[in-house]
Structure formats: structure tokens, C-alpha cells
file work_28.csv (CSV, C-alpha atoms)
chain,number,residue,atom,x,y,z
A,168,MET,CA,16.2,5.5,79.3
A,169,ARG,CA,16.8,6.8,75.8
A,170,ILE,CA,17.2,4.2,73.0
A,171,LEU,CA,18.0,4.7,69.4
A,172,ILE,CA,17.3,2.0,66.8
A,173,TYR,CA,19.5,2.5,63.8
A,174,GLY,CA,17.8,0.7,61.0
A,175,ALA,CA,14.0,0.5,60.3
A,176,GLY,CA,13.8,-2.9,58.7
A,177,VAL,CA,11.9,-5.8,60.3
A,178,ILE,CA,14.3,-6.3,63.2
A,179,GLY,CA,14.8,-2.7,64.0
A,180,SER,CA,11.1,-1.9,63.7
A,181,LEU,CA,10.1,-4.7,66.1
A,182,TYR,CA,12.6,-3.8,68.8
A,183,ALA,CA,11.5,-0.2,68.5
A,184,VAL,CA,7.9,-1.3,69.0
A,185,LEU,CA,8.7,-3.4,72.0
A,186,PHE,CA,10.8,-0.7,73.7
A,187,ALA,CA,8.2,2.0,73.0
A,188,GLU,CA,5.4,-0.2,74.4
A,189,THR,CA,7.5,-0.6,77.6
A,190,GLY,CA,7.6,3.2,77.9
A,191,TYR,CA,11.2,3.9,77.0
A,192,ASP,CA,12.1,7.0,75.1
A,193,THR,CA,12.5,5.3,71.7
A,194,SER,CA,13.7,6.8,68.4
A,195,ILE,CA,14.2,4.9,65.1
A,196,TYR,CA,16.5,6.1,62.3
A,197,ALA,CA,15.4,5.3,58.8
A,198,ARG,CA,16.2,6.3,55.2
A,199,GLY,CA,14.6,6.3,51.7
A,200,LYS,CA,11.1,5.1,51.2
A,201,ARG,CA,10.9,3.6,54.6
A,202,LEU,CA,11.6,7.0,56.1
A,203,GLU,CA,9.0,8.6,53.9
A,204,PHE,CA,6.4,6.1,55.1
A,205,LEU,CA,7.3,6.4,58.8
A,206,LYS,CA,7.2,10.2,58.6
A,207,LYS,CA,3.8,10.1,57.1
A,208,ASN,CA,2.2,7.2,59.0
A,209,GLY,CA,4.3,6.5,62.0
A,210,LEU,CA,5.6,3.1,63.0
A,211,LEU,CA,2.6,0.8,62.3
A,212,TYR,CA,2.5,-2.8,63.4
A,213,LYS,CA,0.2,-5.7,63.7
A,214,LYS,CA,-0.7,-7.0,67.1
A,215,ASN,CA,-3.6,-9.5,67.8
A,216,GLN,CA,-4.9,-8.8,64.3
A,217,ASN,CA,-5.2,-5.1,65.0
A,218,ILE,CA,-3.0,-2.3,63.5
A,219,ARG,CA,-1.4,-0.1,66.1
A,220,ARG,CA,1.0,2.9,66.0
A,221,ALA,CA,4.1,2.8,68.2
A,222,GLU,CA,5.0,5.9,70.2
A,223,ALA,CA,8.5,6.2,68.7
A,224,THR,CA,10.3,9.3,67.3
A,225,ILE,CA,11.1,9.0,63.6
A,226,LEU,CA,14.5,10.3,62.6
A,227,GLY,CA,16.0,11.0,59.1
A,228,GLU,CA,19.2,12.4,60.4
A,229,LEU,CA,21.4,12.0,63.4
A,230,SER,CA,23.2,14.7,65.6
A,231,ASP,CA,26.5,13.8,67.0
A,232,ASN,CA,25.5,15.6,70.3
A,233,ASP,CA,22.3,13.6,70.7
A,234,ALA,CA,23.3,11.0,73.2
A,235,TYR,CA,21.4,7.8,73.9
A,236,ASP,CA,21.8,5.2,76.6
A,237,PHE,CA,21.8,2.4,74.0
A,238,ILE,CA,22.1,2.5,70.2
A,239,LEU,CA,20.9,-0.8,68.6
A,240,LEU,CA,22.5,-1.2,65.2
A,241,THR,CA,20.0,-3.4,63.2
A,242,VAL,CA,21.4,-3.2,59.6
A,243,ARG,CA,22.5,-5.8,57.1
A,244,GLU,CA,26.1,-6.9,57.0
A,245,ASN,CA,26.9,-4.9,53.8
A,246,GLN,CA,25.6,-1.7,55.6
A,247,LEU,CA,27.6,-2.1,58.7
A,248,TYR,CA,30.7,0.0,58.1
A,249,GLU,CA,28.7,2.9,56.7
A,250,ALA,CA,26.6,2.9,59.9
A,251,LEU,CA,29.6,2.7,62.2
A,252,ALA,CA,31.3,5.6,60.3
A,253,GLU,CA,28.1,7.7,60.8
A,254,LEU,CA,28.0,6.8,64.5
A,255,LYS,CA,31.7,7.4,65.1
A,256,ASN,CA,31.3,10.9,66.5
A,257,ASN,CA,28.0,10.4,68.2
A,258,LYS,CA,28.3,11.0,72.0
A,259,SER,CA,26.4,7.7,72.9
A,260,ASN,CA,28.6,5.3,74.8
A,261,ILE,CA,27.1,1.9,73.8
A,262,ILE,CA,26.4,0.6,70.4
A,263,VAL,CA,24.8,-2.8,70.3
A,264,THR,CA,25.7,-4.4,67.0
A,265,MET,CA,22.9,-6.8,66.0
A,266,VAL,CA,24.5,-7.8,62.8
A,267,ASN,CA,25.4,-11.1,60.9
A,268,SER,CA,29.1,-10.9,60.5
A,269,LEU,CA,32.4,-12.8,61.0
A,270,ASP,CA,34.5,-9.6,61.1
A,271,SER,CA,36.9,-8.9,64.0
A,272,TYR,CA,35.2,-6.7,66.7
A,273,LYS,CA,38.5,-4.8,66.9
A,274,LYS,CA,37.9,-3.5,63.4
A,275,TRP,CA,34.6,-2.1,64.6
A,276,GLU,CA,36.2,-0.6,67.7
A,277,ASP,CA,38.9,1.0,65.5
A,278,ILE,CA,36.1,3.0,63.9
A,279,VAL,CA,33.9,4.0,66.8
A,280,GLY,CA,36.3,3.7,69.7
A,281,LYS,CA,37.4,1.1,72.2
A,282,GLY,CA,34.7,-0.1,74.7
A,283,ARG,CA,31.7,1.2,72.8
A,284,ILE,CA,30.7,-2.0,71.0
A,285,LEU,CA,28.5,-4.6,72.6
A,286,PRO,CA,28.2,-7.5,70.1
A,287,ALA,CA,24.7,-9.0,69.9
A,288,PHE,CA,22.2,-10.8,67.7
A,289,PRO,CA,18.4,-10.4,67.6
A,290,GLY,CA,15.9,-13.1,68.2
A,291,ALA,CA,13.1,-12.1,65.9
A,292,GLY,CA,11.7,-12.4,62.4
A,293,GLY,CA,8.8,-11.5,60.2
A,294,SER,CA,8.1,-9.0,57.4
A,295,ILE,CA,6.9,-5.5,56.5
A,296,ASN,CA,4.0,-5.9,54.1
A,297,ASN,CA,3.4,-3.8,51.0
A,298,ASP,CA,1.3,-1.4,53.1
A,299,GLY,CA,4.4,-0.7,55.3
A,300,ILE,CA,2.9,-2.4,58.3
A,301,LEU,CA,5.2,-4.5,60.5
A,302,ASP,CA,4.1,-8.2,61.0
A,303,ALA,CA,6.9,-9.7,63.1
A,304,ALA,CA,7.5,-11.6,66.3
A,305,LEU,CA,10.2,-12.6,68.7
A,306,THR,CA,11.7,-16.0,68.2
A,307,PRO,CA,10.7,-18.5,70.9
A,308,ARG,CA,13.2,-18.4,73.8
A,309,MET,CA,14.2,-22.1,73.5
A,310,ILE,CA,15.2,-21.6,69.8
A,311,GLN,CA,16.9,-18.2,69.7
A,312,PRO,CA,16.6,-15.4,72.3
A,313,THR,CA,18.4,-12.1,71.9
A,314,THR,CA,22.0,-13.0,72.5
A,315,PHE,CA,24.9,-10.7,73.5
A,316,ALA,CA,28.3,-10.6,75.2
A,317,GLU,CA,31.1,-8.3,76.1
A,318,ILE,CA,34.0,-8.6,73.6
A,319,SER,CA,36.1,-9.7,76.6
A,320,GLY,CA,33.5,-12.3,77.6
A,321,ASN,CA,33.3,-10.7,81.1
A,322,LYS,CA,30.2,-9.4,82.8
A,323,SER,CA,30.0,-5.6,82.9
A,324,GLU,CA,27.7,-2.7,83.7
A,325,LYS,CA,26.8,-2.6,80.0
A,326,THR,CA,25.6,-6.2,80.0
A,327,LYS,CA,23.8,-5.6,83.3
A,328,GLN,CA,21.9,-2.6,82.0
A,329,PHE,CA,21.1,-4.2,78.6
A,330,SER,CA,19.7,-7.2,80.4
A,331,LYS,CA,17.6,-4.9,82.4
A,332,ILE,CA,15.9,-3.1,79.5
A,333,LEU,CA,15.4,-6.4,77.7
A,334,ARG,CA,13.8,-7.9,80.7
A,335,HIS,CA,11.5,-4.9,81.2
A,336,ALA,CA,10.4,-5.1,77.6
A,337,HIS,CA,9.7,-8.9,78.0
A,338,ILE,CA,12.3,-9.8,75.4
A,339,PRO,CA,13.9,-13.2,76.0
A,340,TYR,CA,17.7,-12.9,76.2
A,341,GLN,CA,20.9,-14.8,77.0
A,342,LYS,CA,24.4,-13.7,77.8
A,343,VAL,CA,27.2,-15.8,76.4
A,344,VAL,CA,30.9,-15.9,76.9
A,345,ASP,CA,32.2,-15.9,73.3
A,346,MET,CA,30.0,-13.9,70.9
A,347,HIS,CA,32.2,-14.6,68.0
A,348,MET,CA,31.9,-18.4,68.5
A,349,TRP,CA,28.2,-18.0,68.8
A,350,GLN,CA,28.0,-16.2,65.5
A,351,LEU,CA,30.1,-18.8,63.8
A,352,CYS,CA,27.7,-21.5,65.0
A,353,HIS,CA,24.7,-19.3,63.9
A,354,LEU,CA,26.1,-18.9,60.4
A,355,ALA,CA,26.9,-22.7,60.3
A,356,MET,CA,23.1,-23.1,60.6
A,357,VAL,CA,21.5,-20.3,58.7
A,358,VAL,CA,23.8,-20.4,55.6
A,359,PRO,CA,22.8,-23.9,54.5
A,360,ILE,CA,19.1,-23.0,55.3
A,361,ALA,CA,19.3,-19.9,53.0
A,362,ASP,CA,21.1,-21.9,50.4
A,363,ALA,CA,18.2,-24.4,50.3
A,364,TYR,CA,15.8,-21.7,49.4
A,365,TYR,CA,18.0,-20.3,46.7
A,366,GLU,CA,18.6,-23.7,45.1
A,367,ALA,CA,15.0,-24.7,45.1
A,368,ASP,CA,12.9,-24.4,41.9
A,369,CYS,CA,10.0,-23.2,44.1
A,370,PRO,CA,11.7,-21.5,47.2
A,371,GLU,CA,8.4,-21.1,49.2
A,372,ARG,CA,8.0,-24.9,48.9
A,373,ALA,CA,11.6,-25.9,49.4
A,374,GLY,CA,10.6,-28.3,52.2
A,375,LYS,CA,8.9,-30.5,49.6
A,376,ASP,CA,12.1,-31.0,47.7
A,377,TRP,CA,13.6,-34.1,49.5
A,378,LYS,CA,16.9,-33.9,47.6
A,379,ILE,CA,17.5,-30.4,48.8
A,380,MET,CA,16.4,-31.2,52.4
A,381,LYS,CA,18.9,-34.1,52.5
A,382,LYS,CA,21.6,-32.0,51.0
A,383,THR,CA,20.9,-29.3,53.7
A,384,ALA,CA,21.0,-31.9,56.5
A,385,LYS,CA,24.5,-33.1,55.2
A,386,LYS,CA,25.8,-29.5,55.1
A,387,LEU,CA,24.6,-28.9,58.7
A,388,LYS,CA,26.2,-32.0,60.0
A,389,ARG,CA,29.4,-31.2,58.2
A,390,ASN,CA,29.5,-27.6,59.4
A,391,PHE,CA,29.0,-28.4,63.0
A,392,SER,CA,31.3,-31.4,63.1
A,393,PHE,CA,34.0,-29.1,61.6
A,394,LEU,CA,33.5,-26.3,64.2
A,395,ARG,CA,33.4,-28.8,67.1
A,396,LYS,CA,36.6,-30.4,65.9
A,397,GLN,CA,38.4,-27.1,65.3
A,398,ALA,CA,37.1,-25.1,68.3
A,399,GLY,CA,36.5,-27.9,70.8
A,400,ARG,CA,33.0,-26.7,71.5
A,401,LEU,CA,29.8,-25.2,70.1
A,402,SER,CA,27.8,-22.3,71.3
A,403,PRO,CA,25.1,-22.8,72.4
A,404,CYS,CA,25.6,-26.5,73.3
A,405,LYS,CA,22.3,-27.4,71.8
A,406,MET,CA,23.8,-27.0,68.4
A,407,ASN,CA,25.4,-30.4,69.0
A,408,ILE,CA,22.1,-31.9,67.9
A,409,PHE,CA,23.1,-31.3,64.3
A,410,ARG,CA,26.1,-33.6,64.9
A,411,PHE,CA,24.3,-36.4,66.6
A,412,LEU,CA,20.9,-36.7,64.9
A,413,PRO,CA,20.8,-39.4,62.2
A,414,LEU,CA,20.7,-38.0,58.7
A,415,PRO,CA,17.2,-39.4,57.8
A,416,ILE,CA,15.7,-38.0,61.0
A,417,MET,CA,17.3,-34.6,60.5
A,418,THR,CA,16.1,-34.5,56.9
A,419,ILE,CA,12.5,-35.1,58.0
A,420,MET,CA,12.7,-32.5,60.7
A,421,LEU,CA,14.1,-29.9,58.2
A,422,ALA,CA,11.3,-30.7,55.8
A,423,VAL,CA,8.6,-30.2,58.5
A,424,THR,CA,10.3,-27.0,59.7
A,425,PHE,CA,10.6,-25.5,56.2
A,426,GLU,CA,6.9,-26.2,55.6
A,427,SER,CA,5.7,-24.7,58.9
A,428,SER,CA,4.5,-21.2,59.7
A,429,PHE,CA,7.7,-20.8,61.8
A,430,GLY,CA,9.8,-21.6,58.8
A,431,ASP,CA,7.9,-19.1,56.7
A,432,LYS,CA,8.2,-16.2,59.3
A,433,PHE,CA,11.7,-16.8,60.7
A,434,MET,CA,13.5,-18.5,57.8
A,435,TYR,CA,11.9,-17.9,54.4
A,436,GLN,CA,11.0,-14.2,54.8
A,437,HIS,CA,14.6,-13.2,55.6
A,438,ALA,CA,16.2,-15.4,52.9
A,439,ARG,CA,13.8,-13.9,50.4
A,440,LYS,CA,14.4,-10.3,51.5
A,441,ALA,CA,18.2,-10.4,51.9
A,442,PRO,CA,19.7,-12.7,49.2
A,443,ASP,CA,22.7,-10.5,48.6
A,444,GLU,CA,23.5,-10.5,52.3
A,445,MET,CA,23.1,-14.2,52.7
A,446,ARG,CA,25.1,-15.1,49.6
A,447,GLU,CA,28.0,-12.9,50.9
A,448,LEU,CA,27.8,-14.6,54.3
A,449,HIS,CA,27.9,-17.9,52.5
A,450,LYS,CA,31.2,-16.8,50.9
A,451,GLN,CA,32.6,-15.5,54.2
A,452,PHE,CA,31.6,-18.5,56.3
A,453,TYR,CA,33.1,-21.2,53.9
A,454,ALA,CA,36.2,-19.0,53.3
A,455,TYR,CA,36.6,-18.9,57.1
A,456,MET,CA,36.3,-22.7,57.3
A,457,LYS,CA,38.8,-23.1,54.5
A,458,LYS,CA,41.3,-20.8,56.1
A,459,TRP,CA,40.9,-22.5,59.4
A,460,ASN,CA,41.4,-25.9,57.9
A,461,THR,CA,44.5,-24.8,56.0
A,462,ARG,CA,46.0,-23.3,59.1
A,463,MET,CA,45.4,-26.6,61.0
A,464,HIS,CA,47.0,-28.6,58.2
A,465,CYS,CA,50.1,-26.4,58.3
A,466,VAL,CA,50.4,-26.9,62.1
A,467,VAL,CA,50.1,-30.7,61.6
A,468,ARG,CA,52.8,-30.7,58.9
A,469,LYS,CA,55.2,-28.7,61.1
A,470,GLN,CA,54.8,-31.2,63.9
call {"tool": "encode", "arguments": {"input": "work_28.csv", "output": "C-alpha cells"}}
result
Amino acid sequence: MRILIYGAGVIGSLYAVLFAETGYDTSIYARGKRLEFLKKNGLLYKKNQNIRRAEATILGELSDNDAYDFILLTVRENQLYEALAELKNNKSNIIVTMVNSLDSYKKWEDIVGKGRILPAFPGAGGSINNDGILDAALTPRMIQPTTFAEISGNKSEKTKQFSKILRHAHIPYQKVVDMHMWQLCHLAMVVPIADAYYEADCPERAGKDWKIMKKTAKKLKRNFSFLRKQAGRLSPCKMNIFRFLPLPIMTIMLAVTFESSFGDKFMYQHARKAPDEMRELHKQFYAYMKKWNTRMHCVVRKQ
């Protein structure tokens, strides 16, 4: 099994480590300073307080004829189309797009070819420290496993094989029916959380700001109530908790989560490292909601 990780940030590096540890033929494609570090030192990561080096091939360029069983695309939303264009002529059949985005999957297939895209989202977080060493972990299964689906929503040989390699690498995963709906719900959650950090005077202590926590809780309730009303369901179903929890209880739970080690590793670190991406996703998500709301009002008026 040959696997290429396209993108050597926190997410890509962690999946490369996990696949390499499992014994898969794993390559990781990097650029810039990260590539220089990896070429010199290898893919270093922290495990049980020890520093280890993953048995992964470091690439600074890609050959169209170099085929992989899976390519995992682990880049930020604003790097997506450049990456797809670069992979357009590569002979690999399956590109797993682990990207925050509300774009139509058809637009992606128009670039790389129909049937090659497997939409997905990672379940991981952490950081790469100033020494270039990865300090990351998988998100607990009950919170957010690696999630994926065929664009059609059907089961396929692709989803079967991807499930297999994740299972062998001990990576928790879930297959859903509608990946686009899942990503909408994901953004309904992470956009207000990122906003809280950006609005706080002291982002790393945002959980101490009761006014911001209450405002975030209100945004979450509003977002999920809107999606439930418009789409008739949420994905996964556990997202309904944001609709039903009383505001004071949700505010307390948010404050505790923001102040926890989980909040630091899986929420704060990403918000701090990717402000441009999260602000763009903020615009996209609320524009999507506004457009959806406008369309529904037009339907009501016609009736």
C-alpha cells in the first residue's frame, strides 16, 4: 500500500507518522522551510515524551507517473485549488480531500476528473514546535473521528479500502452518508469557536471571558437551529445537543472546554495558526446561511 500525504503541516505530518508506524509505504510532500527541515532531519515527532523519526519518504516535487493507492490532501482551504491543479495529471486514482470547505465537490472533480475525489475530514490536532517537532494527537473517537463519504453517499470499494487502512493504523473513523452536510455542521461549530479566540483580548484565556463564552453559546444555538430547520437534520445527530442545552449550561461547558488541555491542543492551536483560513470560512459559512435563508423566503413568497 503506497500512501502520499500532500501537505506537511500538523494534520498531514500526524497521518504520515501513523501510516508509517503501521508499515505502509508512506511519502509526505512539503514545501518551503518545512521541506528544508524534513530533508535535513526527517519527520520528527513526540511520542510518550520521546522524540522519534518516522520512516517516511520526504518529497519536494511530484511526478505525474508516480502512482499511489491513496493521496491524502491535507492543506488549508486557500491552498486547495493549487493542490488539485498540481495533482490533476498524477496517475493516482483516489484523492482524499481532508479540507475545510463548502465548495461543490463537482468543482473539484472538474479539475482532477470524475470519481477521483473522496471527501473527508481529519480527526486530529496539535502543533509543530519551534524545533520542527510534531506534537499532535488524534481527536477522541466520541468527539470527532476521521470522517469520510463517497460524493454519492453510497458505499464503494474506495470507502472499503480507506476504512481498512485507517483501521490497520488504529485511526478512529466513521463513514457518513452526506459529507457536505457533515462539513456544514462542522463549520457551524468551529467558526464561532475560532471567532471567540479572535475577539478575546487574551486569546489563550478566552474561556475566562464570560461575555464571549455566552456570545459563542448563542451563536452555536443559532447556527444549529438554523441548519436543523433548513435541512431537516444534523450530521452527526449528536450536534443536536447545541440546540437543546440551556444557554447557561452551554456557556459553562464552553468555558471549561476552552480552559482545558483539550481546548488548547484541538481548538486554540489551530485558531492561532490559521487565522486567515478561519476568517475566510467565517465569511463563507454565514454567506451560505444568508443565501439559503433568502432562497427559502423567496419560496414562501411564491406560495
call {"tool": "closest_residue", "arguments": {"input": "work_28.csv", "among": "A:Ser271, A:Gln397, A:Asn208, A:Asn245", "to": "Asp298 in chain A", "atoms": "all atoms listed in the file"}}
result
A:Asn208
call {"tool": "residues_around", "arguments": {"input": "work_28.csv", "residues": "range 370-374 of chain A", "least_positions_apart": "4", "cutoff": "6 Å", "atoms": "all atoms listed in the file", "output": "list in words"}}
result
Tyr364, Ala422, Phe425 and Glu426 of chain A
call {"tool": "write_last_selection", "arguments": {"input": "work_28.csv", "atoms": "C-alpha atoms", "output": "PDB file, keeping the file's coordinate frame"}}
result
ATOM      1  CA  TYR A 364      15.800 -21.700  49.400  1.00  0.00           C
ATOM      2  CA  ALA A 422      11.300 -30.700  55.800  1.00  0.00           C
ATOM      3  CA  PHE A 425      10.600 -25.500  56.200  1.00  0.00           C
ATOM      4  CA  GLU A 426       6.900 -26.200  55.600  1.00  0.00           C
TER       5      GLU A 426
END
call {"tool": "closest_residue", "arguments": {"input": "work_28.csv", "among": "A:Asn460, A:Ser194, A:Thr314, A:Ser230", "to": "Ser402 in chain A", "atoms": "all atoms listed in the file"}}
result
A:Thr314
call {"tool": "atom_distance", "arguments": {"input": "work_28.csv", "atom1": "CA of Leu240 in chain A", "atom2": "CA of Ala304 in chain A"}}
result
18.3 Å
call {"tool": "closest_residue", "arguments": {"input": "work_28.csv", "among": "A:Leu239, A:Val358, A:Ala221, A:Ala197", "to": "Leu448 in chain A", "atoms": "only C-alpha atoms"}}
result
A:Val358
call {"tool": "closest_residue", "arguments": {"input": "work_28.csv", "among": "A:Glu447, A:Glu188, A:Glu249, A:Asp270", "to": "His347 in chain A", "atoms": "all atoms listed in the file"}}
result
A:Asp270
call {"tool": "residues_near_point", "arguments": {"input": "work_28.csv", "point": "(35.3, -1.0, 64.6)", "cutoff": "12 Å", "atoms": "all atoms listed in the file", "output": "count of residues only"}}
result
29
call {"tool": "closest_residue", "arguments": {"input": "work_28.csv", "among": "A:Asn390, A:Pro289, A:Tyr196, A:Phe204", "to": "Phe452 in chain A", "atoms": "only C-alpha atoms"}}
result
A:Asn390
call {"tool": "atom_distance", "arguments": {"input": "work_28.csv", "atom1": "CA of Leu171 in chain A", "atom2": "CA of Gln216 in chain A"}}
result
27.1 Å
